[in-house]
>>> print(open('coords37.pdb').read())   # PDB, C-alpha atoms
ATOM      1  CA  MET A1128      40.492  59.029  -6.351
ATOM      2  CA  LEU A1129      38.485  59.049  -3.116
ATOM      3  CA  ALA A1130      35.267  59.090  -5.093
ATOM      4  CA  VAL A1131      36.352  56.028  -7.037
ATOM      5  CA  VAL A1132      37.135  54.191  -3.811
ATOM      6  CA  VAL A1133      33.749  55.130  -2.359
ATOM      7  CA  VAL A1134      31.991  53.929  -5.509
ATOM      8  CA  LEU A1135      33.883  50.638  -5.407
ATOM      9  CA  LEU A1136      33.083  50.163  -1.723
ATOM     10  CA  LEU A1137      29.407  50.833  -2.319
ATOM     11  CA  ALA A1138      29.405  48.456  -5.278
ATOM     12  CA  GLY A1139      31.117  45.836  -3.169
ATOM     13  CA  LEU A1140      28.595  46.271  -0.379
ATOM     14  CA  LYS A1141      25.753  45.977  -2.871
ATOM     15  CA  MET A1142      27.255  42.861  -4.423
ATOM     16  CA  GLY A1143      27.740  41.394  -0.977
ATOM     17  CA  SER A1144      24.146  42.134  -0.103
ATOM     18  CA  LEU A1145      22.931  40.547  -3.352
ATOM     19  CA  TYR A1146      25.152  37.516  -2.774
ATOM     20  CA  LYS A1147      23.780  37.107   0.740
ATOM     21  CA  ARG A1148      20.205  37.358  -0.511
ATOM     22  CA  ALA A1149      20.765  34.603  -3.035
ATOM     23  CA  TYR A1150      23.408  32.294  -1.586
ATOM     24  CA  ALA A1151      23.443  32.582   2.217
ATOM     25  CA  PRO A1152      21.489  29.909   4.146
ATOM     26  CA  ASN A1153      17.931  31.132   4.636
ATOM     27  CA  ILE A1154      15.615  28.096   4.576
ATOM     28  CA  TYR A1155      15.745  25.676   7.519
ATOM     29  CA  PRO A1156      13.837  22.501   8.453
ATOM     30  CA  LYS A1157      11.767  22.952  11.591
ATOM     31  CA  ASN A1158      13.184  21.339  14.754
ATOM     32  CA  ASN A1159      16.417  20.441  12.925
ATOM     33  CA  GLU A1160      14.672  17.543  11.192
ATOM     34  CA  ALA A1161      14.084  16.966   7.500
ATOM     35  CA  ALA A1162      11.190  19.071   6.266
ATOM     36  CA  VAL A1163       8.758  18.220   3.500
ATOM     37  CA  VAL A1164       7.249  20.947   1.348
ATOM     38  CA  TYR A1165       4.013  19.924  -0.381
ATOM     39  CA  ILE A1166       2.880  22.041  -3.334
ATOM     40  CA  ARG A1167      -0.567  21.058  -4.469
ATOM     41  CA  THR A1168      -1.702  20.847  -8.086
ATOM     42  CA  GLY A1169      -3.138  24.168  -9.271
ATOM     43  CA  TRP A1170      -1.535  26.345  -6.611
ATOM     44  CA  ASN A1171      -0.404  29.835  -7.621
ATOM     45  CA  TYR A1172       2.622  31.751  -6.357
ATOM     46  CA  SER A1173       0.800  33.353  -3.415
ATOM     47  CA  GLN A1174      -0.560  30.017  -2.231
ATOM     48  CA  VAL A1175       2.905  28.458  -2.325
ATOM     49  CA  MET A1176       4.477  31.326  -0.372
ATOM     50  CA  ASN A1177       1.682  31.362   2.209
ATOM     51  CA  ALA A1178       1.975  27.613   2.756
ATOM     52  CA  LEU A1179       5.760  27.660   3.287
ATOM     53  CA  ASP A1180       5.536  29.156   6.762
ATOM     54  CA  GLY A1181       3.880  26.033   8.105
ATOM     55  CA  MET A1182       6.431  23.697   6.525
ATOM     56  CA  VAL A1183       9.862  25.337   6.926
ATOM     57  CA  THR A1184      11.604  28.095   8.849
ATOM     58  CA  ILE A1185      12.384  31.153   6.700
ATOM     59  CA  GLU A1186      14.941  33.511   8.231
ATOM     60  CA  ASN A1187      14.376  36.375   5.796
ATOM     61  CA  ARG A1188      11.178  36.149   3.826
ATOM     62  CA  LYS A1189      11.771  39.273   1.749
ATOM     63  CA  SER A1190      15.060  37.926   0.401
ATOM     64  CA  LEU A1191      13.339  34.636  -0.539
ATOM     65  CA  GLU A1192      10.606  36.439  -2.446
ATOM     66  CA  TRP A1193      13.188  38.694  -4.110
ATOM     67  CA  VAL A1194      15.085  35.656  -5.433
ATOM     68  CA  ALA A1195      11.821  33.963  -6.441
ATOM     69  CA  GLN A1196      10.825  36.992  -8.527
ATOM     70  CA  LYS A1197      14.277  37.364 -10.069
ATOM     71  CA  LYS A1198      14.198  33.721 -11.157
ATOM     72  CA  ASN A1199      10.630  34.079 -12.442
ATOM     73  CA  TYR A1200       9.399  31.316 -10.152
ATOM     74  CA  PRO A1201       5.742  32.470 -10.374
ATOM     75  CA  ALA A1202       5.750  31.257 -13.991
ATOM     76  CA  HIS A1203       7.396  27.909 -13.159
ATOM     77  CA  ILE A1204       5.376  26.380 -10.327
ATOM     78  CA  TYR A1205       5.376  22.595 -10.269
ATOM     79  CA  PRO A1206       3.331  20.593  -7.776
ATOM     80  CA  GLY A1207       5.060  17.904  -5.793
ATOM     81  CA  ARG A1208       6.735  16.753  -2.614
ATOM     82  CA  TYR A1209      10.063  18.469  -1.939
ATOM     83  CA  VAL A1210      12.363  17.338   0.874
ATOM     84  CA  ILE A1211      14.701  19.733   2.693
ATOM     85  CA  ASP A1212      17.176  17.798   4.808
ATOM     86  CA  GLY A1213      19.466  20.708   5.707
ATOM     87  CA  ARG A1214      19.986  24.463   5.458
ATOM     88  CA  MET A1215      19.367  25.840   1.967
ATOM     89  CA  SER A1216      19.995  29.160   0.316
ATOM     90  CA  ASN A1217      17.219  30.977  -1.471
ATOM     91  CA  ASN A1218      18.913  30.166  -4.759
ATOM     92  CA  GLU A1219      19.086  26.421  -4.019
ATOM     93  CA  PHE A1220      15.525  26.319  -2.749
ATOM     94  CA  ILE A1221      13.953  28.205  -5.656
ATOM     95  CA  ASN A1222      16.008  26.225  -8.183
ATOM     96  CA  MET A1223      14.663  22.997  -6.669
ATOM     97  CA  LEU A1224      11.051  24.190  -6.802
ATOM     98  CA  ARG A1225      11.125  25.761 -10.267
ATOM     99  CA  SER A1226      12.765  22.674 -11.789
ATOM    100  CA  GLY A1227      10.185  20.318 -10.241
ATOM    101  CA  ARG A1228      12.989  18.305  -8.631
ATOM    102  CA  GLN A1229      10.774  16.545  -6.109
ATOM    103  CA  THR A1230      11.544  13.529  -3.928
ATOM    104  CA  PRO A1231       9.506  10.360  -4.625
ATOM    105  CA  VAL A1232       7.229   8.782  -2.025
ATOM    106  CA  LYS A1233       7.971   5.236  -0.921
ATOM    107  CA  LEU A1234       4.370   4.084  -1.262
ATOM    108  CA  THR A1235       3.744   1.106   1.016
ATOM    109  CA  PHE A1236       0.579  -0.897   1.622
ATOM    110  CA  ASN A1237       0.090  -4.236   3.372
ATOM    111  CA  ASN A1238      -2.204  -5.956   5.892
ATOM    112  CA  ILE A1239      -5.302  -4.739   4.047
ATOM    113  CA  ARG A1240      -8.623  -6.507   3.574
ATOM    114  CA  THR A1241     -10.926  -4.206   1.614
ATOM    115  CA  LEU A1242     -10.871  -1.676  -1.212
ATOM    116  CA  GLU A1243     -11.914   0.990   1.294
ATOM    117  CA  GLN A1244      -8.871   0.263   3.469
ATOM    118  CA  LEU A1245      -6.612   0.200   0.412
ATOM    119  CA  SER A1246      -7.897   3.566  -0.794
ATOM    120  CA  GLU A1247      -7.370   5.150   2.613
ATOM    121  CA  ARG A1248      -3.886   3.705   3.020
ATOM    122  CA  ILE A1249      -2.702   4.826  -0.423
ATOM    123  CA  ALA A1250      -4.400   8.230  -0.377
ATOM    124  CA  GLY A1251      -2.785   8.938   2.988
ATOM    125  CA  GLN A1252       0.533   8.964   1.145
ATOM    126  CA  MET A1253      -0.580  10.753  -2.027
ATOM    127  CA  GLU A1254      -2.164  14.051  -3.130
ATOM    128  CA  PHE A1255      -5.473  12.591  -4.334
ATOM    129  CA  SER A1256      -8.227  11.627  -1.899
ATOM    130  CA  SER A1257      -9.373   8.157  -0.874
ATOM    131  CA  LYS A1258     -12.787   8.919  -2.385
ATOM    132  CA  GLU A1259     -11.219   9.604  -5.787
ATOM    133  CA  LEU A1260      -9.285   6.343  -5.760
ATOM    134  CA  LEU A1261     -12.190   4.268  -4.458
ATOM    135  CA  LYS A1262     -14.530   5.728  -7.094
ATOM    136  CA  ALA A1263     -12.102   4.755  -9.853
ATOM    137  CA  LEU A1264     -11.637   1.233  -8.484
ATOM    138  CA  ARG A1265     -15.388   0.689  -8.361
ATOM    139  CA  ASP A1266     -15.915   2.040 -11.863
ATOM    140  CA  LYS A1267     -16.759  -0.689 -14.358
ATOM    141  CA  SER A1268     -14.757   0.942 -17.152
ATOM    142  CA  THR A1269     -11.655   0.987 -14.945
ATOM    143  CA  GLN A1270     -12.083  -2.679 -14.085
ATOM    144  CA  GLU A1271     -12.560  -3.640 -17.724
ATOM    145  CA  LYS A1272      -9.622  -1.503 -18.869
ATOM    146  CA  TYR A1273      -7.225  -3.601 -16.807
ATOM    147  CA  GLY A1274      -8.980  -6.923 -17.364
ATOM    148  CA  PHE A1275     -10.620  -7.403 -13.965
ATOM    149  CA  THR A1276     -14.102  -7.692 -12.459
ATOM    150  CA  PRO A1277     -15.639  -6.012  -9.398
ATOM    151  CA  TYR A1278     -14.496  -9.058  -7.408
ATOM    152  CA  THR A1279     -10.948  -9.285  -8.777
ATOM    153  CA  ILE A1280      -9.815  -5.650  -9.160
ATOM    154  CA  ASN A1281      -8.065  -6.138  -5.800
ATOM    155  CA  CYS A1282      -5.678  -8.563  -7.501
ATOM    156  CA  MET A1283      -3.930  -5.728  -9.323
ATOM    157  CA  PHE A1284      -2.427  -4.441  -6.077
ATOM    158  CA  ILE A1285       0.500  -6.575  -4.912
ATOM    159  CA  PRO A1286       1.487  -5.433  -1.386
ATOM    160  CA  ASN A1287       4.978  -3.987  -1.522
ATOM    161  CA  THR A1288       6.851  -0.679  -1.468
ATOM    162  CA  TYR A1289       6.848   1.378  -4.664
ATOM    163  CA  GLU A1290       8.556   4.662  -5.515
ATOM    164  CA  VAL A1291       6.011   7.091  -6.944
ATOM    165  CA  TYR A1292       5.565  10.833  -7.109
ATOM    166  CA  TRP A1293       3.219  12.310  -4.509
ATOM    167  CA  ASN A1294       1.219  14.306  -7.085
ATOM    168  CA  MET A1295       0.693  11.339  -9.417
ATOM    169  CA  SER A1296      -2.920  11.178 -10.613
ATOM    170  CA  VAL A1297      -5.275   8.317  -9.797
ATOM    171  CA  GLU A1298      -5.064   7.210 -13.430
ATOM    172  CA  GLY A1299      -1.279   7.355 -13.312
ATOM    173  CA  LEU A1300      -1.198   5.240 -10.160
ATOM    174  CA  LEU A1301      -3.545   2.630 -11.630
ATOM    175  CA  ASP A1302      -1.404   2.383 -14.757
ATOM    176  CA  ARG A1303       1.677   1.942 -12.575
ATOM    177  CA  MET A1304       0.058  -0.767 -10.435
ATOM    178  CA  HIS A1305      -1.018  -2.618 -13.557
ATOM    179  CA  ARG A1306       2.547  -2.573 -14.865
ATOM    180  CA  GLU A1307       3.769  -3.859 -11.501
ATOM    181  CA  TYR A1308       1.132  -6.594 -11.615
ATOM    182  CA  GLN A1309       2.271  -7.663 -15.080
ATOM    183  CA  SER A1310       5.907  -7.597 -13.979
ATOM    184  CA  PHE A1311       5.094  -9.694 -10.903
ATOM    185  CA  TRP A1312       3.428 -12.357 -13.042
ATOM    186  CA  ASN A1313       6.585 -13.223 -14.927
ATOM    187  CA  LYS A1314       7.091 -16.388 -16.977
ATOM    188  CA  ARG A1315       8.201 -18.401 -13.950
ATOM    189  CA  ARG A1316       5.122 -17.580 -11.880
ATOM    190  CA  MET A1317       2.781 -17.953 -14.862
ATOM    191  CA  HIS A1318       4.240 -21.391 -15.579
ATOM    192  CA  LYS A1319       3.546 -22.482 -11.993
ATOM    193  CA  ALA A1320       0.004 -21.087 -12.146
ATOM    194  CA  ASP A1321      -0.598 -23.003 -15.394
ATOM    195  CA  LYS A1322       0.582 -26.218 -13.725
ATOM    196  CA  LEU A1323      -2.044 -25.614 -11.045
ATOM    197  CA  ASP A1324      -4.607 -24.975 -13.799
ATOM    198  CA  MET A1325      -5.271 -21.583 -12.221
ATOM    199  CA  THR A1326      -5.323 -18.017 -13.470
ATOM    200  CA  PRO A1327      -3.282 -15.394 -11.587
ATOM    201  CA  GLU A1328      -6.541 -14.081 -10.109
ATOM    202  CA  GLU A1329      -7.424 -17.551  -8.804
ATOM    203  CA  VAL A1330      -3.956 -17.970  -7.318
ATOM    204  CA  ILE A1331      -4.288 -14.615  -5.547
ATOM    205  CA  THR A1332      -7.771 -15.558  -4.329
ATOM    206  CA  LEU A1333      -6.478 -18.773  -2.770
ATOM    207  CA  ALA A1334      -3.438 -16.908  -1.436
ATOM    208  CA  SER A1335      -5.763 -14.447   0.291
ATOM    209  CA  ILE A1336      -7.322 -17.324   2.232
ATOM    210  CA  VAL A1337      -3.876 -18.691   3.129
ATOM    211  CA  ASN A1338      -2.824 -15.188   4.176
ATOM    212  CA  GLU A1339      -5.777 -14.946   6.565
ATOM    213  CA  GLU A1340      -5.335 -18.456   7.925
ATOM    214  CA  THR A1341      -1.716 -18.079   9.029
ATOM    215  CA  LYS A1342       0.846 -15.349   9.481
ATOM    216  CA  LYS A1343       3.646 -17.909   9.741
ATOM    217  CA  ASN A1344       5.524 -17.853   6.437
ATOM    218  CA  ASP A1345       7.069 -21.267   7.099
ATOM    219  CA  GLU A1346       3.583 -22.791   7.335
ATOM    220  CA  LYS A1347       1.876 -21.125   4.384
ATOM    221  CA  ALA A1348       2.903 -23.689   1.759
ATOM    222  CA  ARG A1349       1.466 -26.498   3.920
ATOM    223  CA  VAL A1350      -1.832 -24.642   4.412
ATOM    224  CA  ALA A1351      -1.948 -23.977   0.670
ATOM    225  CA  GLY A1352      -1.414 -27.711   0.088
ATOM    226  CA  VAL A1353      -4.512 -28.521   2.150
ATOM    227  CA  TYR A1354      -6.669 -26.278  -0.010
ATOM    228  CA  ILE A1355      -5.144 -27.586  -3.232
ATOM    229  CA  ASN A1356      -5.974 -31.125  -2.038
ATOM    230  CA  ARG A1357      -9.552 -30.077  -1.281
ATOM    231  CA  LEU A1358     -10.020 -28.465  -4.673
ATOM    232  CA  ARG A1359      -8.833 -31.658  -6.333
ATOM    233  CA  GLU A1360     -11.005 -34.035  -4.260
ATOM    234  CA  PRO A1361     -13.308 -32.107  -4.851
ATOM    235  CA  MET A1362     -14.318 -30.835  -1.399
ATOM    236  CA  ARG A1363     -15.592 -27.479  -0.283
ATOM    237  CA  LEU A1364     -12.825 -25.295   1.074
ATOM    238  CA  GLN A1365     -14.759 -24.546   4.297
ATOM    239  CA  ALA A1366     -12.386 -21.727   5.198
ATOM    240  CA  ASP A1367     -13.410 -19.704   8.248
ATOM    241  CA  PRO A1368     -11.781 -16.471   6.959
ATOM    242  CA  THR A1369     -14.174 -16.481   3.998
ATOM    243  CA  VAL A1370     -17.113 -16.561   6.413
ATOM    244  CA  ILE A1371     -15.691 -13.643   8.388
ATOM    245  CA  TYR A1372     -15.216 -11.721   5.139
ATOM    246  CA  ALA A1373     -18.794 -12.496   4.077
ATOM    247  CA  LEU A1374     -20.056 -11.256   7.447
ATOM    248  CA  GLY A1375     -17.922  -8.118   7.214
ATOM    249  CA  ASP A1376     -17.085  -8.328  10.925
ATOM    250  CA  PHE A1377     -13.326  -8.685  11.249
ATOM    251  CA  SER A1378     -13.475  -8.572  15.046
ATOM    252  CA  ILE A1379     -14.757 -12.168  15.153
ATOM    253  CA  LYS A1380     -12.235 -14.479  16.829
ATOM    254  CA  ARG A1381     -14.406 -17.569  16.924
ATOM    255  CA  VAL A1382     -16.563 -18.630  13.983
ATOM    256  CA  LEU A1383     -19.781 -20.291  15.185
ATOM    257  CA  ARG A1384     -22.236 -22.621  13.438
ATOM    258  CA  LYS A1385     -24.735 -19.805  12.961
ATOM    259  CA  HIS A1386     -22.112 -17.876  10.990
ATOM    260  CA  TYR A1387     -21.815 -20.691   8.464
ATOM    261  CA  GLN A1388     -25.383 -20.060   7.305
ATOM    262  CA  ILE A1389     -24.745 -16.641   5.770
ATOM    263  CA  SER A1390     -25.711 -16.530   2.104
ATOM    264  CA  SER A1391     -22.739 -15.146   0.181
ATOM    265  CA  PRO A1392     -20.611 -16.159  -2.802
ATOM    266  CA  PHE A1393     -17.665 -15.818  -0.413
ATOM    267  CA  ASN A1394     -18.974 -18.363   2.118
ATOM    268  CA  THR A1395     -16.953 -21.453   1.189
ATOM    269  CA  TYR A1396     -19.037 -23.569   3.568
ATOM    270  CA  ARG A1397     -21.986 -23.114   1.202
ATOM    271  CA  VAL A1398     -20.395 -22.693  -2.232
ATOM    272  CA  ASP A1399     -18.092 -24.981  -4.158
ATOM    273  CA  GLY A1400     -14.589 -24.057  -5.230
ATOM    274  CA  LEU A1401     -12.917 -20.706  -4.812
ATOM    275  CA  PRO A1402     -14.794 -17.516  -3.912
ATOM    276  CA  PRO A1403     -15.193 -15.037  -6.804
ATOM    277  CA  GLY A1404     -12.242 -12.937  -5.662
ATOM    278  CA  PRO A1405      -9.723 -12.422  -2.864
ATOM    279  CA  ILE A1406     -10.811 -11.773   0.723
ATOM    280  CA  CYS A1407      -7.769  -9.588   1.408
ATOM    281  CA  PHE A1408      -4.675  -8.312  -0.323
ATOM    282  CA  PRO A1409      -2.331 -11.274   0.211
ATOM    283  CA  ASP A1410       1.367 -10.664   0.654
ATOM    284  CA  ILE A1411       3.935 -12.013  -1.776
ATOM    285  CA  ALA A1412       4.869 -14.834   0.615
ATOM    286  CA  SER A1413       1.273 -16.121   0.504
ATOM    287  CA  ILE A1414       1.066 -15.920  -3.291
ATOM    288  CA  ASP A1415       4.339 -17.789  -3.695
ATOM    289  CA  ALA A1416       3.209 -20.322  -1.071
ATOM    290  CA  VAL A1417       0.301 -21.270  -3.339
ATOM    291  CA  LEU A1418       2.538 -21.456  -6.394
ATOM    292  CA  ASN A1419       5.009 -23.593  -4.425
ATOM    293  CA  TYR A1420       2.494 -25.456  -2.270
ATOM    294  CA  GLU A1421       3.612 -28.381  -0.139
ATOM    295  CA  LYS A1422       2.592 -31.747  -1.544
ATOM    296  CA  HIS A1423       1.078 -33.902   1.197
ATOM    297  CA  SER A1424      -2.097 -35.838   2.020
ATOM    298  CA  TYR A1425      -3.587 -33.478   4.623
ATOM    299  CA  LEU A1426      -7.212 -32.447   4.117
ATOM    300  CA  TYR A1427      -7.851 -30.667   7.418
ATOM    301  CA  PHE A1428      -6.177 -28.299   9.833
ATOM    302  CA  CYS A1429      -7.094 -26.164  12.810
ATOM    303  CA  ALA A1430      -5.350 -23.696  15.070
ATOM    304  CA  SER A1431      -2.961 -25.177  17.585
ATOM    305  CA  PRO A1432      -4.315 -25.128  21.163
ATOM    306  CA  ASP A1433      -1.009 -23.681  22.352
ATOM    307  CA  PHE A1434      -1.983 -20.384  20.623
ATOM    308  CA  SER A1435       1.439 -20.214  18.977
ATOM    309  CA  GLY A1436      -0.092 -19.074  15.714
ATOM    310  CA  TYR A1437       0.687 -22.412  14.094
ATOM    311  CA  HIS A1438      -1.771 -25.158  13.133
ATOM    312  CA  VAL A1439      -2.194 -28.895  13.537
ATOM    313  CA  PHE A1440      -2.943 -30.935  10.415
ATOM    314  CA  ALA A1441      -4.985 -34.071   9.852
ATOM    315  CA  ARG A1442      -5.518 -36.552   7.031
ATOM    316  CA  ASN A1443      -9.026 -37.651   8.028
ATOM    317  CA  LEU A1444     -12.098 -36.200   9.719
ATOM    318  CA  SER A1445     -11.892 -38.175  12.964
ATOM    319  CA  GLU A1446      -8.333 -36.989  13.559
ATOM    320  CA  HIS A1447      -9.364 -33.438  12.736
ATOM    321  CA  ASN A1448     -12.323 -33.573  15.115
ATOM    322  CA  ARG A1449      -9.986 -34.485  17.986
ATOM    323  CA  ASN A1450      -7.703 -31.582  17.109
ATOM    324  CA  ALA A1451     -10.631 -29.183  16.809
ATOM    325  CA  ALA A1452     -12.053 -30.296  20.164
ATOM    326  CA  ALA A1453      -8.720 -29.594  21.852
ATOM    327  CA  TYR A1454      -8.681 -26.103  20.372
ATOM    328  CA  ARG A1455     -12.297 -25.412  21.357
ATOM    329  CA  ASN A1456     -11.562 -26.459  24.921
ATOM    330  CA  GLU A1457      -8.690 -24.003  25.048
ATOM    331  CA  LEU A1458     -10.933 -21.238  23.666
ATOM    332  CA  ASN A1459     -13.435 -21.949  26.418
ATOM    333  CA  LYS A1460     -10.705 -21.866  29.062
ATOM    334  CA  ARG A1461      -9.662 -18.460  27.795
ATOM    335  CA  ARG A1462     -13.300 -17.334  27.623
ATOM    336  CA  ILE A1463     -13.160 -16.533  23.952
ATOM    337  CA  TYR A1464     -16.744 -17.025  22.793
ATOM    338  CA  ARG A1465     -16.910 -14.956  19.603
TER     339      ARG A1465
END
>>> encode(input="coords37.pdb", output="structure tokens")
Amino acid sequence: MLAVVVVLLLAGLKMGSLYKRAYAPNIYPKNNEAAVVYIRTGWNYSQVMNALDGMVTIENRKSLEWVAQKKNYPAHIYPGRYVIDGRMSNNEFINMLRSGRQTPVKLTFNNIRTLEQLSERIAGQMEFSSKELLKALRDKSTQEKYGFTPYTINCMFIPNTYEVYWNMSVEGLLDRMHREYQSFWNKRRMHKADKLDMTPEEVITLASIVNEETKKNDEKARVAGVYINRLREPMRLQADPTVIYALGDFSIKRVLRKHYQISSPFNTYRVDGLPPGPICFPDIASIDAVLNYEKHSYLYFCASPDFSGYHVFARNLSEHNRNAAAYRNELNKRRIYR
């Protein structure tokens, strides 16, 4: 009888030990904050286990590896971004990894001017590199696949926040952005673009100028109206942000006469109509401001001398010259010469 009791006690102790190995809390976020475990594409079991130490706190590493082997995790490694927002048992942790139950990234990009900046901003939130994304965006076959040109490929990226998986490929991301682009240009927006006699790419190009001219959402439709009026006159757009873009020097605060002479298809002081593509990635407010432009008779505007970020508008050149002189005087007072 005593032997039976001893055997049962030993079995119970063993079961308790096995239960603790599998189900007791063993994985902790560092510093009591949510931890993110990144498993890169192509990693093997050893690489995953070696990388964990820098991402989470493991109380008993041997018990984790024991559970991983018992659940055959080495044969079920899935890359991805896995979030740990509390204490986890080995069983919970390995189940999450071996099922590929990763947490999506909220991919956000805005306030961007160039493809280089876009690639860096997106790649900073994804597994692929900025060089990989930039190479694809500059590839002619990629541009043609989605119906764009080297000048208009930017149009496919509507600044917003998108849920994507961290290990999504460059091709997968481009397909997703194209679907988002098509969804954005719904029947309502397309109808408004048609009424303007513009393609979506032309609307985005004009919106990019509006976006650079003013950050005040309540003013964007009025600024858009000025440019619509100029296109219909027809007059050259003469938009300073296009000159800055052509120069490639975004530190310029004051556009001078010498800057207007630069030879570029983006310099709207020297070329008629719209530039061949956007000069930034305009936000949705700017795009909708063009589609819902304010109808008025203004043909000119310049920054307000009170430096509020707003503009003063004029219907004729003489009125505009007075407004521009007031702004130049204020620039001089503030010693802003470039």
>>> residues_around(input="coords37.pdb", residues="Phe1377 of chain A", least_positions_apart="3", cutoff="12 Å", atoms="only C-alpha atoms", output="VMD selection string")
chain A and resid 1239 to 1241 1339 1367 to 1374 1380 to 1382 1406 to 1407 1465
>>> resolve_selection(input="coords37.pdb", expression="the PyMOL selection byres ((chain A and resi 1194-1200) around 12)", output="CSV table (one decimal) with C-alpha atoms, keeping the file's coordinate frame")
chain,number,residue,atom,x,y,z
A,1145,LEU,CA,22.9,40.5,-3.4
A,1146,TYR,CA,25.2,37.5,-2.8
A,1147,LYS,CA,23.8,37.1,0.7
A,1148,ARG,CA,20.2,37.4,-0.5
A,1149,ALA,CA,20.8,34.6,-3.0
A,1150,TYR,CA,23.4,32.3,-1.6
A,1151,ALA,CA,23.4,32.6,2.2
A,1153,ASN,CA,17.9,31.1,4.6
A,1171,ASN,CA,-0.4,29.8,-7.6
A,1172,TYR,CA,2.6,31.8,-6.4
A,1173,SER,CA,0.8,33.4,-3.4
A,1175,VAL,CA,2.9,28.5,-2.3
A,1176,MET,CA,4.5,31.3,-0.4
A,1187,ASN,CA,14.4,36.4,5.8
A,1188,ARG,CA,11.2,36.1,3.8
A,1189,LYS,CA,11.8,39.3,1.7
A,1190,SER,CA,15.1,37.9,0.4
A,1191,LEU,CA,13.3,34.6,-0.5
A,1192,GLU,CA,10.6,36.4,-2.4
A,1193,TRP,CA,13.2,38.7,-4.1
A,1201,PRO,CA,5.7,32.5,-10.4
A,1202,ALA,CA,5.8,31.3,-14.0
A,1203,HIS,CA,7.4,27.9,-13.2
A,1204,ILE,CA,5.4,26.4,-10.3
A,1205,TYR,CA,5.4,22.6,-10.3
A,1216,SER,CA,20.0,29.2,0.3
A,1217,ASN,CA,17.2,31.0,-1.5
A,1218,ASN,CA,18.9,30.2,-4.8
A,1219,GLU,CA,19.1,26.4,-4.0
A,1220,PHE,CA,15.5,26.3,-2.7
A,1221,ILE,CA,14.0,28.2,-5.7
A,1222,ASN,CA,16.0,26.2,-8.2
A,1223,MET,CA,14.7,23.0,-6.7
A,1224,LEU,CA,11.1,24.2,-6.8
A,1225,ARG,CA,11.1,25.8,-10.3
A,1226,SER,CA,12.8,22.7,-11.8
A,1227,GLY,CA,10.2,20.3,-10.2
>>> atom_distance(input="coords37.pdb", atom1="atom CA of Ser1310 of chain A", atom2="atom CA of Asn1238 of chain A")
21.5 Å
>>> axis_aligned_box(input="coords37.pdb", around="segment 1282-1301 of chain A", padding_each_side="6 Å", output="AutoDock Vina command-line options")
--center_x 1.4 --center_y 2.9 --center_z -7.4 --size_x 26.2 --size_y 34.9 --size_z 24.0
>>> resolve_selection(input="coords37.pdb", expression="the PyMOL selection byres ((chain A and resi 1161-1166) around 9)", output="list in words")
Tyr1155, Pro1156, Lys1157, Asn1158, Asn1159, Glu1160, Arg1167, Thr1168, Gly1169, Trp1170, Gln1174, Val1175, Ala1178, Leu1179, Met1182, Val1183, Ile1204, Tyr1205, Pro1206, Gly1207, Arg1208, Tyr1209, Val1210, Ile1211, Asp1212, Gly1213, Glu1254, Trp1293 and Asn1294 of chain A
>>> closest_residue(input="coords37.pdb", among="A:Asp1415, A:Asp1433, A:Glu1243, A:Glu1328", to="Gly1274 of chain A", atoms="all atoms listed in the file")
A:Glu1328
>>> decode(input="coords37.pdb", residues="segment 1441-1460 of chain A", atoms="C-alpha atoms", output="mmCIF file, in the first residue's frame")
data_model
loop_
_atom_site.group_PDB
_atom_site.id
_atom_site.type_symbol
_atom_site.label_atom_id
_atom_site.label_comp_id
_atom_site.auth_asym_id
_atom_site.auth_seq_id
_atom_site.Cartn_x
_atom_site.Cartn_y
_atom_site.Cartn_z
ATOM 1 C CA ALA A 1441 -7.203 89.038 -54.943
ATOM 2 C CA ARG A 1442 -9.246 89.257 -58.133
ATOM 3 C CA ASN A 1443 -6.767 91.344 -60.136
ATOM 4 C CA LEU A 1444 -3.015 91.848 -60.393
ATOM 5 C CA SER A 1445 -2.851 95.340 -58.889
ATOM 6 C CA GLU A 1446 -4.666 94.171 -55.764
ATOM 7 C CA HIS A 1447 -2.399 91.143 -55.562
ATOM 8 C CA ASN A 1448 0.734 93.263 -55.918
ATOM 9 C CA ARG A 1449 -0.308 95.330 -52.889
ATOM 10 C CA ASN A 1450 -0.887 92.167 -50.873
ATOM 11 C CA ALA A 1451 2.426 90.681 -51.984
ATOM 12 C CA ALA A 1452 4.303 93.877 -51.103
ATOM 13 C CA ALA A 1453 2.857 93.801 -47.587
ATOM 14 C CA TYR A 1454 4.019 90.215 -47.165
ATOM 15 C CA ARG A 1455 7.497 90.954 -48.536
ATOM 16 C CA ASN A 1456 7.874 93.844 -46.119
ATOM 17 C CA GLU A 1457 7.036 91.542 -43.239
ATOM 18 C CA LEU A 1458 9.578 88.980 -44.489
ATOM 19 C CA ASN A 1459 12.225 91.687 -44.534
ATOM 20 C CA LYS A 1460 11.307 92.786 -41.013
#
